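Visitor: See structure_2.txt below, with compact mmCIF, C-alpha atoms and all ligand atoms.
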```txt
# COMPACT_ATOMS: atom_id res chain seq x y z
CA MET A 17 120.56 53.17 74.67
CA LYS A 18 120.85 55.78 71.91
CA ARG A 19 117.45 57.21 72.80
CA LEU A 20 118.47 57.48 76.43
CA SER A 21 121.67 59.43 75.66
CA LEU A 22 119.73 61.81 73.40
CA PHE A 23 117.28 62.35 76.25
CA VAL A 24 120.16 63.00 78.70
CA LEU A 25 121.70 65.41 76.20
CA ILE A 26 118.45 67.35 75.84
CA LEU A 27 118.01 67.45 79.63
CA ALA A 28 121.57 68.71 80.07
CA GLY A 29 120.97 71.37 77.40
CA LEU A 30 117.80 72.56 79.13
CA ALA A 31 119.57 72.67 82.49
CA ALA A 32 122.42 74.71 80.99
CA LEU A 33 119.93 77.15 79.51
CA ALA A 34 118.14 77.54 82.84
CA LEU A 35 121.41 78.18 84.67
CA ALA A 36 122.84 80.60 82.09
CA PRO A 37 123.10 84.18 83.33
CA HIS A 38 119.90 86.09 82.56
CA ALA A 39 122.01 88.93 81.15
CA ALA A 40 122.27 87.03 77.87
CA ALA A 41 118.55 87.69 77.36
CA GLY A 42 119.26 91.42 77.05
CA PHE A 43 117.33 94.30 78.50
CA LYS A 44 113.63 95.12 78.59
CA PRO A 45 112.57 98.38 80.22
CA GLY A 46 110.81 97.67 83.51
CA ALA A 47 111.74 93.94 83.61
CA VAL A 48 114.19 92.45 86.12
CA TRP A 49 117.67 93.10 84.72
CA CYS A 50 120.36 90.70 85.92
CA ASP A 51 124.12 91.04 86.11
CA THR A 52 126.59 88.43 84.82
CA ASP A 53 126.15 86.48 88.09
CA GLY A 54 122.42 86.21 87.37
CA ARG A 55 121.48 88.59 90.22
CA PRO A 56 119.22 91.63 89.75
CA ILE A 57 121.29 94.76 89.17
CA ASN A 58 121.22 96.87 92.33
CA ALA A 59 122.15 100.40 91.23
CA HIS A 60 119.26 102.80 91.71
CA GLY A 61 119.15 106.57 91.23
CA GLY A 62 122.39 105.96 89.38
CA GLY A 63 124.71 107.47 86.85
CA ILE A 64 127.31 106.25 84.40
CA LEU A 65 130.96 107.08 83.83
CA PHE A 66 132.62 106.04 80.55
CA HIS A 67 136.32 105.54 81.14
CA GLU A 68 138.91 103.90 78.86
CA GLY A 69 136.40 101.88 76.87
CA VAL A 70 134.35 100.73 79.86
CA TYR A 71 131.02 101.98 81.21
CA TYR A 72 130.80 102.10 85.01
CA TRP A 73 127.31 102.25 86.47
CA TYR A 74 127.09 103.59 90.05
CA GLY A 75 123.87 103.49 92.02
CA GLU A 76 122.14 103.23 95.37
CA ILE A 77 122.19 99.75 96.87
CA LYS A 78 118.59 99.09 97.87
CA GLU A 79 118.28 95.86 99.78
CA GLY A 80 116.40 94.47 102.76
CA ARG A 81 113.03 95.43 104.16
CA THR A 82 111.21 98.55 102.98
CA TYR A 83 109.84 100.47 105.95
CA LEU A 84 108.11 103.71 106.83
CA PRO A 85 110.45 105.70 109.09
CA LYS A 86 108.99 106.89 112.36
CA VAL A 87 110.79 110.23 112.07
CA ASN A 88 108.73 113.16 110.94
CA GLN A 89 109.52 113.20 107.24
CA ALA A 90 108.00 115.95 105.15
CA TRP A 91 106.67 113.64 102.42
CA GLY A 92 106.10 110.46 104.44
CA GLY A 93 108.18 108.31 102.11
CA THR A 94 109.26 104.71 102.59
CA ARG A 95 112.90 103.66 102.61
CA VAL A 96 115.40 100.86 103.13
CA LEU A 97 118.51 101.12 105.28
CA ALA A 98 121.29 102.76 103.29
CA ALA A 99 123.83 100.13 102.22
CA GLY A 100 126.10 102.36 100.12
CA VAL A 101 126.88 102.73 96.45
CA SER A 102 127.35 99.83 94.02
CA VAL A 103 129.41 99.77 90.83
CA TYR A 104 128.92 97.60 87.73
CA SER A 105 131.00 97.53 84.54
CA SER A 106 130.04 96.90 80.93
CA ARG A 107 131.37 97.36 77.42
CA ASP A 108 128.05 96.91 75.63
CA LEU A 109 125.57 98.57 78.07
CA VAL A 110 123.55 95.33 78.29
CA THR A 111 125.88 92.87 80.03
CA TRP A 112 126.87 94.21 83.45
CA LYS A 113 129.44 92.74 85.83
CA ASN A 114 129.06 93.48 89.53
CA GLU A 115 132.30 95.19 90.63
CA GLY A 116 131.19 95.30 94.26
CA VAL A 117 130.58 98.17 96.65
CA ALA A 118 132.16 101.46 95.54
CA LEU A 119 131.25 103.35 98.71
CA ALA A 120 130.22 101.35 101.75
CA ALA A 121 127.80 102.47 104.45
CA VAL A 122 129.23 102.57 107.99
CA PRO A 123 126.99 100.37 110.17
CA GLU A 124 129.43 100.29 113.09
CA ASN A 125 129.00 104.00 113.86
CA PRO A 126 125.46 105.42 114.24
CA ASP A 127 126.87 108.96 114.34
CA HIS A 128 128.61 108.61 110.98
CA ASP A 129 127.14 110.43 107.95
CA LEU A 130 127.14 107.07 106.15
CA SER A 131 125.34 105.18 108.91
CA PRO A 132 122.55 103.01 107.37
CA GLU A 133 119.91 105.08 109.20
CA ASN A 134 120.99 108.08 107.17
CA VAL A 135 120.40 108.57 103.46
CA ILE A 136 122.82 107.92 100.57
CA GLU A 137 121.11 108.70 97.26
CA ARG A 138 121.70 109.58 93.61
CA PRO A 139 125.48 108.96 93.44
CA LYS A 140 127.31 110.25 90.37
CA VAL A 141 131.00 109.77 89.52
CA ILE A 142 133.24 111.86 87.27
CA TYR A 143 136.93 111.51 86.39
CA ASN A 144 139.35 114.34 86.99
CA ALA A 145 142.08 114.12 84.32
CA ARG A 146 144.27 116.64 86.20
CA THR A 147 144.34 114.81 89.54
CA ARG A 148 143.65 111.35 88.03
CA LYS A 149 141.02 110.80 90.72
CA PHE A 150 137.51 109.44 90.40
CA VAL A 151 135.21 111.77 92.31
CA MET A 152 131.77 110.77 93.59
CA TRP A 153 129.06 113.22 94.69
CA PHE A 154 125.77 112.11 96.19
CA HIS A 155 122.83 113.24 98.28
CA GLN A 156 123.65 112.64 101.95
CA ASP A 157 120.86 113.18 104.42
CA SER A 158 119.56 112.52 107.92
CA PRO A 159 116.73 109.98 108.44
CA ASN A 160 114.11 112.76 108.14
CA TYR A 161 115.77 114.27 105.04
CA GLN A 162 116.28 117.60 106.79
CA ALA A 163 120.10 117.74 106.64
CA ALA A 164 119.89 118.07 102.80
CA ARG A 165 123.61 117.87 102.11
CA ALA A 166 126.01 117.02 99.29
CA GLY A 167 128.38 114.13 100.02
CA VAL A 168 131.78 113.66 98.37
CA ALA A 169 134.05 110.60 98.08
CA VAL A 170 137.20 109.96 96.06
CA SER A 171 139.10 106.99 94.60
CA ASP A 172 142.18 106.21 92.50
CA THR A 173 140.29 103.57 90.54
CA PRO A 174 136.80 103.55 88.99
CA THR A 175 135.67 100.56 91.05
CA GLY A 176 136.86 102.00 94.36
CA PRO A 177 136.64 101.59 97.25
CA PHE A 178 135.96 105.33 97.43
CA ALA A 179 137.23 107.18 100.50
CA TYR A 180 134.60 109.38 102.12
CA VAL A 181 135.59 113.07 102.12
CA GLY A 182 132.56 114.60 103.86
CA ALA A 183 129.12 116.13 103.44
CA PHE A 184 128.08 119.76 103.59
CA ARG A 185 125.57 122.32 102.42
CA PRO A 186 127.12 123.88 99.32
CA ASN A 187 128.03 127.50 98.75
CA ALA A 188 128.07 128.75 102.35
CA GLY A 189 128.56 132.51 102.41
CA VAL A 190 128.23 132.86 98.62
CA ALA A 191 125.41 134.62 96.79
CA PRO A 192 124.20 133.17 93.47
CA LEU A 193 125.52 134.88 90.32
CA ASN A 194 121.98 135.76 89.25
CA ALA A 195 120.45 136.83 92.59
CA SER A 196 118.91 140.28 92.89
CA ALA A 197 118.82 142.28 96.14
CA GLU A 198 115.20 141.20 96.46
CA ASP A 199 116.16 137.52 96.09
CA LEU A 200 118.51 137.97 99.03
CA ALA A 201 116.11 139.97 101.22
CA PRO A 202 116.03 138.37 104.66
CA ASN A 203 112.49 137.29 105.46
CA PRO A 204 111.30 134.04 107.08
CA SER A 205 110.06 132.49 103.84
CA ASN A 206 113.22 133.26 101.85
CA LEU A 207 115.21 130.02 102.14
CA LEU A 208 118.01 131.29 99.89
CA ALA A 209 118.65 134.18 102.28
CA ARG A 210 118.12 131.99 105.35
CA ASP A 211 120.79 129.55 104.16
CA LEU A 212 123.24 132.09 102.76
CA ALA A 213 125.62 131.88 105.71
CA GLY A 214 125.37 128.14 106.46
CA GLY A 215 125.15 126.79 102.92
CA GLN A 216 122.27 125.87 100.64
CA MET A 217 120.04 122.79 100.94
CA ALA A 218 121.07 120.06 98.47
CA ARG A 219 118.94 116.98 97.78
CA ASP A 220 118.46 115.28 94.36
CA MET A 221 121.53 115.96 92.27
CA THR A 222 123.64 115.20 89.25
CA LEU A 223 127.09 116.10 87.94
CA PHE A 224 127.98 117.35 84.48
CA VAL A 225 131.47 117.81 83.00
CA ASP A 226 131.68 120.30 80.16
CA GLU A 227 133.99 119.94 77.14
CA ASP A 228 136.57 122.23 78.77
CA GLY A 229 136.76 119.94 81.82
CA THR A 230 134.81 122.27 84.11
CA ALA A 231 132.41 120.29 86.27
CA TYR A 232 129.07 121.37 87.72
CA GLN A 233 126.72 120.01 90.36
CA PHE A 234 122.99 120.47 89.78
CA TYR A 235 121.05 120.10 93.02
CA SER A 236 117.46 120.64 94.11
CA SER A 237 117.67 123.38 96.72
CA GLU A 238 115.52 125.73 98.78
CA ALA A 239 113.27 122.85 99.99
CA ASN A 240 113.33 121.32 96.47
CA LYS A 241 111.63 124.39 95.03
CA THR A 242 114.56 125.78 93.04
CA MET A 243 117.54 124.17 91.29
CA HIS A 244 121.09 125.39 91.82
CA ILE A 245 123.82 124.98 89.22
CA SER A 246 127.10 125.05 91.04
CA GLN A 247 130.56 125.02 89.46
CA LEU A 248 133.06 122.67 91.11
CA SER A 249 136.66 123.46 92.02
CA ASP A 250 139.41 122.30 89.62
CA ASP A 251 139.89 119.12 91.68
CA TYR A 252 136.09 118.52 91.65
CA LEU A 253 136.08 118.12 95.45
CA ARG A 254 134.33 121.37 96.46
CA PRO A 255 132.05 124.05 95.06
CA ALA A 256 134.11 126.70 93.25
CA GLY A 257 131.92 129.47 94.69
CA ARG A 258 130.11 130.28 91.45
CA TYR A 259 126.50 129.18 91.18
CA ALA A 260 123.20 130.20 89.66
CA ARG A 261 119.55 129.57 90.48
CA ALA A 262 117.30 128.07 87.80
CA PHE A 263 113.71 126.80 87.59
CA ILE A 264 112.77 129.10 90.45
CA ASP A 265 109.75 127.77 92.38
CA ARG A 266 109.26 125.06 89.71
CA SER A 267 109.95 122.17 92.14
CA ILE A 268 112.07 120.11 89.74
CA GLU A 269 114.20 117.22 91.03
CA ALA A 270 115.94 114.08 89.69
CA PRO A 271 118.07 116.21 87.32
CA ALA A 272 119.92 114.67 84.36
CA VAL A 273 122.06 116.98 82.22
CA PHE A 274 123.67 116.55 78.81
CA LYS A 275 125.02 118.64 75.94
CA HIS A 276 124.16 118.38 72.27
CA GLY A 277 124.96 120.70 69.37
CA GLY A 278 126.49 123.27 71.71
CA LYS A 279 123.35 123.49 73.87
CA TYR A 280 122.76 122.23 77.41
CA TYR A 281 119.72 120.07 78.14
CA LEU A 282 118.10 119.00 81.37
CA ILE A 283 115.58 116.24 82.03
CA GLY A 284 113.98 116.16 85.47
CA SER A 285 110.86 115.23 87.40
CA GLY A 286 108.35 116.88 89.69
CA CYS A 287 108.55 116.36 93.45
CA THR A 288 106.18 113.53 94.45
CA GLY A 289 108.51 111.19 96.35
CA TRP A 290 108.63 107.68 94.85
CA ASP A 291 105.39 108.27 92.91
CA PRO A 292 105.78 109.11 89.23
CA ASN A 293 104.79 112.44 87.71
CA PRO A 294 105.24 114.18 84.34
CA ALA A 295 108.90 114.69 83.40
CA HIS A 296 110.35 118.11 82.66
CA SER A 297 112.86 119.11 80.00
CA ALA A 298 114.72 122.33 79.35
CA VAL A 299 117.43 123.85 77.17
CA ALA A 300 120.04 126.58 77.68
CA ASP A 301 122.82 128.21 75.65
CA SER A 302 124.86 128.78 78.78
CA ILE A 303 125.05 126.30 81.64
CA PHE A 304 124.16 128.97 84.22
CA GLY A 305 121.06 129.81 82.18
CA PRO A 306 118.68 131.26 81.37
CA TRP A 307 117.01 127.85 80.95
CA THR A 308 113.93 127.54 78.74
CA GLU A 309 111.47 124.83 79.71
CA LEU A 310 110.36 122.51 76.90
CA GLY A 311 107.72 120.46 78.73
CA ASN A 312 107.44 116.72 79.18
CA PRO A 313 109.74 115.00 76.65
CA CYS A 314 107.99 111.61 77.00
CA ARG A 315 105.71 110.26 74.26
CA GLY A 316 103.37 107.28 74.11
CA GLU A 317 101.43 105.28 76.66
CA ASP A 318 101.93 106.49 80.24
CA ALA A 319 104.05 109.40 79.02
CA GLU A 320 102.19 111.65 81.49
CA ILE A 321 103.70 109.65 84.36
CA THR A 322 107.11 109.21 82.67
CA PHE A 323 106.32 105.51 81.97
CA SER A 324 105.85 105.03 85.76
CA SER A 325 109.42 106.11 86.40
CA GLN A 326 111.67 109.02 87.34
CA SER A 327 114.77 110.38 85.60
CA THR A 328 118.24 109.75 86.93
CA PHE A 329 120.79 110.21 84.09
CA VAL A 330 121.20 110.81 80.38
CA LEU A 331 124.10 108.86 78.91
CA PRO A 332 125.84 109.95 75.72
CA VAL A 333 126.63 106.69 73.86
CA ALA A 334 130.41 106.53 73.40
CA GLY A 335 131.60 106.99 69.83
CA LYS A 336 128.06 107.78 68.59
CA PRO A 337 127.67 111.56 68.69
CA GLY A 338 124.02 112.55 69.04
CA GLN A 339 122.98 109.19 70.54
CA PHE A 340 121.72 109.32 74.11
CA ILE A 341 120.11 106.90 76.52
CA ALA A 342 117.65 108.39 79.00
CA MET A 343 117.83 106.41 82.25
CA PHE A 344 114.86 106.30 84.63
CA ASP A 345 114.07 104.44 87.86
CA ARG A 346 110.74 102.66 88.19
CA TRP A 347 110.45 102.81 91.98
CA ASN A 348 108.52 100.14 93.85
CA LYS A 349 107.79 102.14 96.98
CA TRP A 350 106.56 99.14 99.01
CA ASP A 351 109.55 96.99 98.02
CA LEU A 352 112.28 99.41 97.03
CA ALA A 353 114.79 96.60 96.42
CA ASP A 354 112.54 95.48 93.56
CA SER A 355 112.66 98.87 91.84
CA ARG A 356 113.39 98.47 88.11
CA TYR A 357 115.19 100.34 85.35
CA VAL A 358 113.64 102.02 82.35
CA TRP A 359 116.28 102.96 79.80
CA LEU A 360 115.06 104.45 76.54
CA PRO A 361 116.66 106.11 73.53
CA LEU A 362 116.51 109.90 73.65
CA GLU A 363 116.01 111.60 70.29
CA PHE A 364 115.51 115.14 69.05
CA ASP A 365 112.38 116.23 67.20
CA ALA A 366 112.26 118.56 64.18
CA GLU A 367 112.53 121.58 66.51
CA GLY A 368 115.57 120.09 68.22
CA HIS A 369 113.67 119.33 71.44
CA PRO A 370 114.47 116.10 73.30
CA VAL A 371 111.92 113.31 72.96
CA VAL A 372 111.76 109.96 74.79
CA ARG A 373 109.45 107.31 73.32
CA TRP A 374 108.46 104.09 75.04
CA THR A 375 110.33 101.25 73.32
CA GLU A 376 109.84 97.56 74.22
CA ASN A 377 113.22 96.37 72.98
CA PRO A 378 115.66 99.27 72.85
CA GLU A 379 118.97 98.56 71.11
CA PHE A 380 121.92 99.93 73.01
CA ALA A 381 124.59 97.89 71.24
CA GLN A 382 127.54 99.96 70.09
C1 LIG B 401 112.21 111.45 95.63
C2 LIG B 401 113.65 111.57 95.18
C3 LIG B 401 114.36 110.25 95.47
C4 LIG B 401 114.19 109.95 96.95
C5 LIG B 401 112.73 109.90 97.30
C6 LIG B 401 112.52 109.64 98.78
O1 LIG B 401 111.55 112.68 95.53
O2 LIG B 401 113.73 111.85 93.81
O3 LIG B 401 115.72 110.35 95.12
O4 LIG B 401 114.81 110.95 97.72
O5 LIG B 401 112.10 111.10 96.98
O6 LIG B 401 111.15 109.63 99.11
```
When written as structure tokens, how does the structure in this file appear?
Guide:
Amino acid sequence: MKRLSLFVLILAGLAALALAPHAAAGFKPGAVWCDTDGRPINAHGGGILFHEGVYYWYGEIKEGRTYLPKVNQAWGGTRVLAAGVSVYSSRDLVTWKNEGVALAAVPENPDHDLSPENVIERPKVIYNARTRKFVMWFHQDSPNYQAARAGVAVSDTPTGPFAYVGAFRPNAGVAPLNASAEDLAPNPSNLLARDLAGGQMARDMTLFVDEDGTAYQFYSSEANKTMHISQLSDDYLRPAGRYARAFIDRSIEAPAVFKHGGKYYLIGSGCTGWDPNPAHSAVADSIFGPWTELGNPCRGEDAEITFSSQSTFVLPVAGKPGQFIAMFDRWNKWDLADSRYVWLPLEFDAEGHPVVRWTENPEFAQ
């Protein structure tokens, strides 16, 4: 009898272990990372907002079948139907609770910008202390990625639901602060000049809020060849009409921007669709530049392909000045829903340049 109850107890213990949320096991870069419900976290191309002691992670919901669109797409990439933007919350950066859909796609209207056939990528959320609104910007596009627009949504709470404001090509009718007459010369190959009146192309993007509360959108423009750094209006809902070009003809995308020791840093990738490539890094004394490239910040095995991943965000760890987490997506282009996360500590070398080393068991605990 005693033996039997011990056996039952052991069985029950094993069953409890098996059913326990996987989140308790912590995080391993590139492994499936589950939320507190035990489901894989679905927040790709994401970014993080720290607000009142809580981290909110926003990202692309990638679910369902991966397919090759029939539309003529410049880089022939695969995709899933756009399902919107998810939001997860955490206090320790390891245990994440699914807070639901922050911005939903609009399946009932094929003409809507947020129709699943269209593209919703790289969402980032910032908090506007003046208006007390949470403001989301993202890459909104047509199925063939030719619309190349910035989308905006707004909410009173960090978990949403966010109300869609609209999508547009930024900076219509405005010349960049650092453009010469030659840069603006109208000729068929000059995309900056071509798009001056209608607004500039905007694909991969990030947001950055400076210490004075001024916010900026960094977006890959001019057919992804050149980055634009565009100041936002005081309410963060529109471009302020002040922007600069950087990394001209360098084809850098997937921008992630952070500040350290009074300097601005950028981590980015090359433009090879879902396939990995060497990361880029750069530093500037002023946000509008000039930016100095510092090369690939990754070190260790597979550093030359950014550990088989692509940058999406650099998170300053709250209350730990100088501590940053570099967030990357490891895309699975044939099953995008199974894309994974590679989060690694970002450090600075003796010259003050950012360095990201492969780490099996990074510690993000506060
Ligand atoms: C990448 C980009 C991703 C996504 C993908 C589509 O270049 O960084 O965000 O747009 O292309 O193929």
Visitor: Of the candidates A:Glu133, A:Asp157, A:Asp53, A:Glu68, which shows the shortest atom-to-atom distance to ligand LIG 401 (chain B), using all atoms listed in the file?
Guide: A:Asp157
Visitor: Which chains and residue numbers are within 6 Å of ligand LIG 401 (chain B), counting only C-alpha atoms and all ligand atoms, if I want them as a list of chain:residue names?
Guide: A:Gly93, A:Asp220, A:Ala270, A:Cys287, A:Thr288, A:Gly289, A:Trp290
Visitor: Determine the nearest neighbour of Leu352 of chain A from the options A:Val87, A:Ile77, A:Leu331, A:Ala366, counting all atoms listed in the file.
Guide: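 Among the listed residues, the smallest separation from Leu352 of chain A belongs to A:Ile77.
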Visitor: Set the distance at 8 Å and use only C-alpha atoms: which residues neighbour Arg138 of chain A once local chain neighbours fewer than 5 positions away are removed? I'd like the list as a PyMOL selection string.
Guide: chain A and resi 60-63+75-76+154-155+220-222+328
Visitor: Could you write those residues out with C-alpha atoms, as a PDB file, in the frame of the given file?
Guide:
```
ATOM      1  CA  HIS A  60     119.260 102.800  91.710  1.00  0.00           C
ATOM      2  CA  GLY A  61     119.150 106.570  91.230  1.00  0.00           C
ATOM      3  CA  GLY A  62     122.390 105.960  89.380  1.00  0.00           C
ATOM      4  CA  GLY A  63     124.710 107.470  86.850  1.00  0.00           C
ATOM      5  CA  GLY A  75     123.870 103.490  92.020  1.00  0.00           C
ATOM      6  CA  GLU A  76     122.140 103.230  95.370  1.00  0.00           C
ATOM      7  CA  PHE A 154     125.770 112.110  96.190  1.00  0.00           C
ATOM      8  CA  HIS A 155     122.830 113.240  98.280  1.00  0.00           C
ATOM      9  CA  ASP A 220     118.460 115.280  94.360  1.00  0.00           C
ATOM     10  CA  MET A 221     121.530 115.960  92.270  1.00  0.00           C
ATOM     11  CA  THR A 222     123.640 115.200  89.250  1.00  0.00           C
ATOM     12  CA  THR A 328     118.240 109.750  86.930  1.00  0.00           C
TER      13      THR A 328
END
```
Visitor: Tell me, as a list of chain:residue names, which residues lie within 9 Å of Asn348 of chain A, counting all atoms listed in the file; anything in the same chain fewer than 5 positions away does not count.
Guide: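 After dropping sequence-adjacent residues, the list is A:Trp290, A:Asp291, A:Ala353, A:Asp354, A:Ser355, A:Arg356.
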Visitor: Please identify all polymer residues within 7 Å of segment 370-376 of chain A, counting only C-alpha atoms, omitting same-chain residues fewer than 6 positions from it, and present them as a ChimeraX atom specification.
Guide: /A:44-45,313-316,360-364
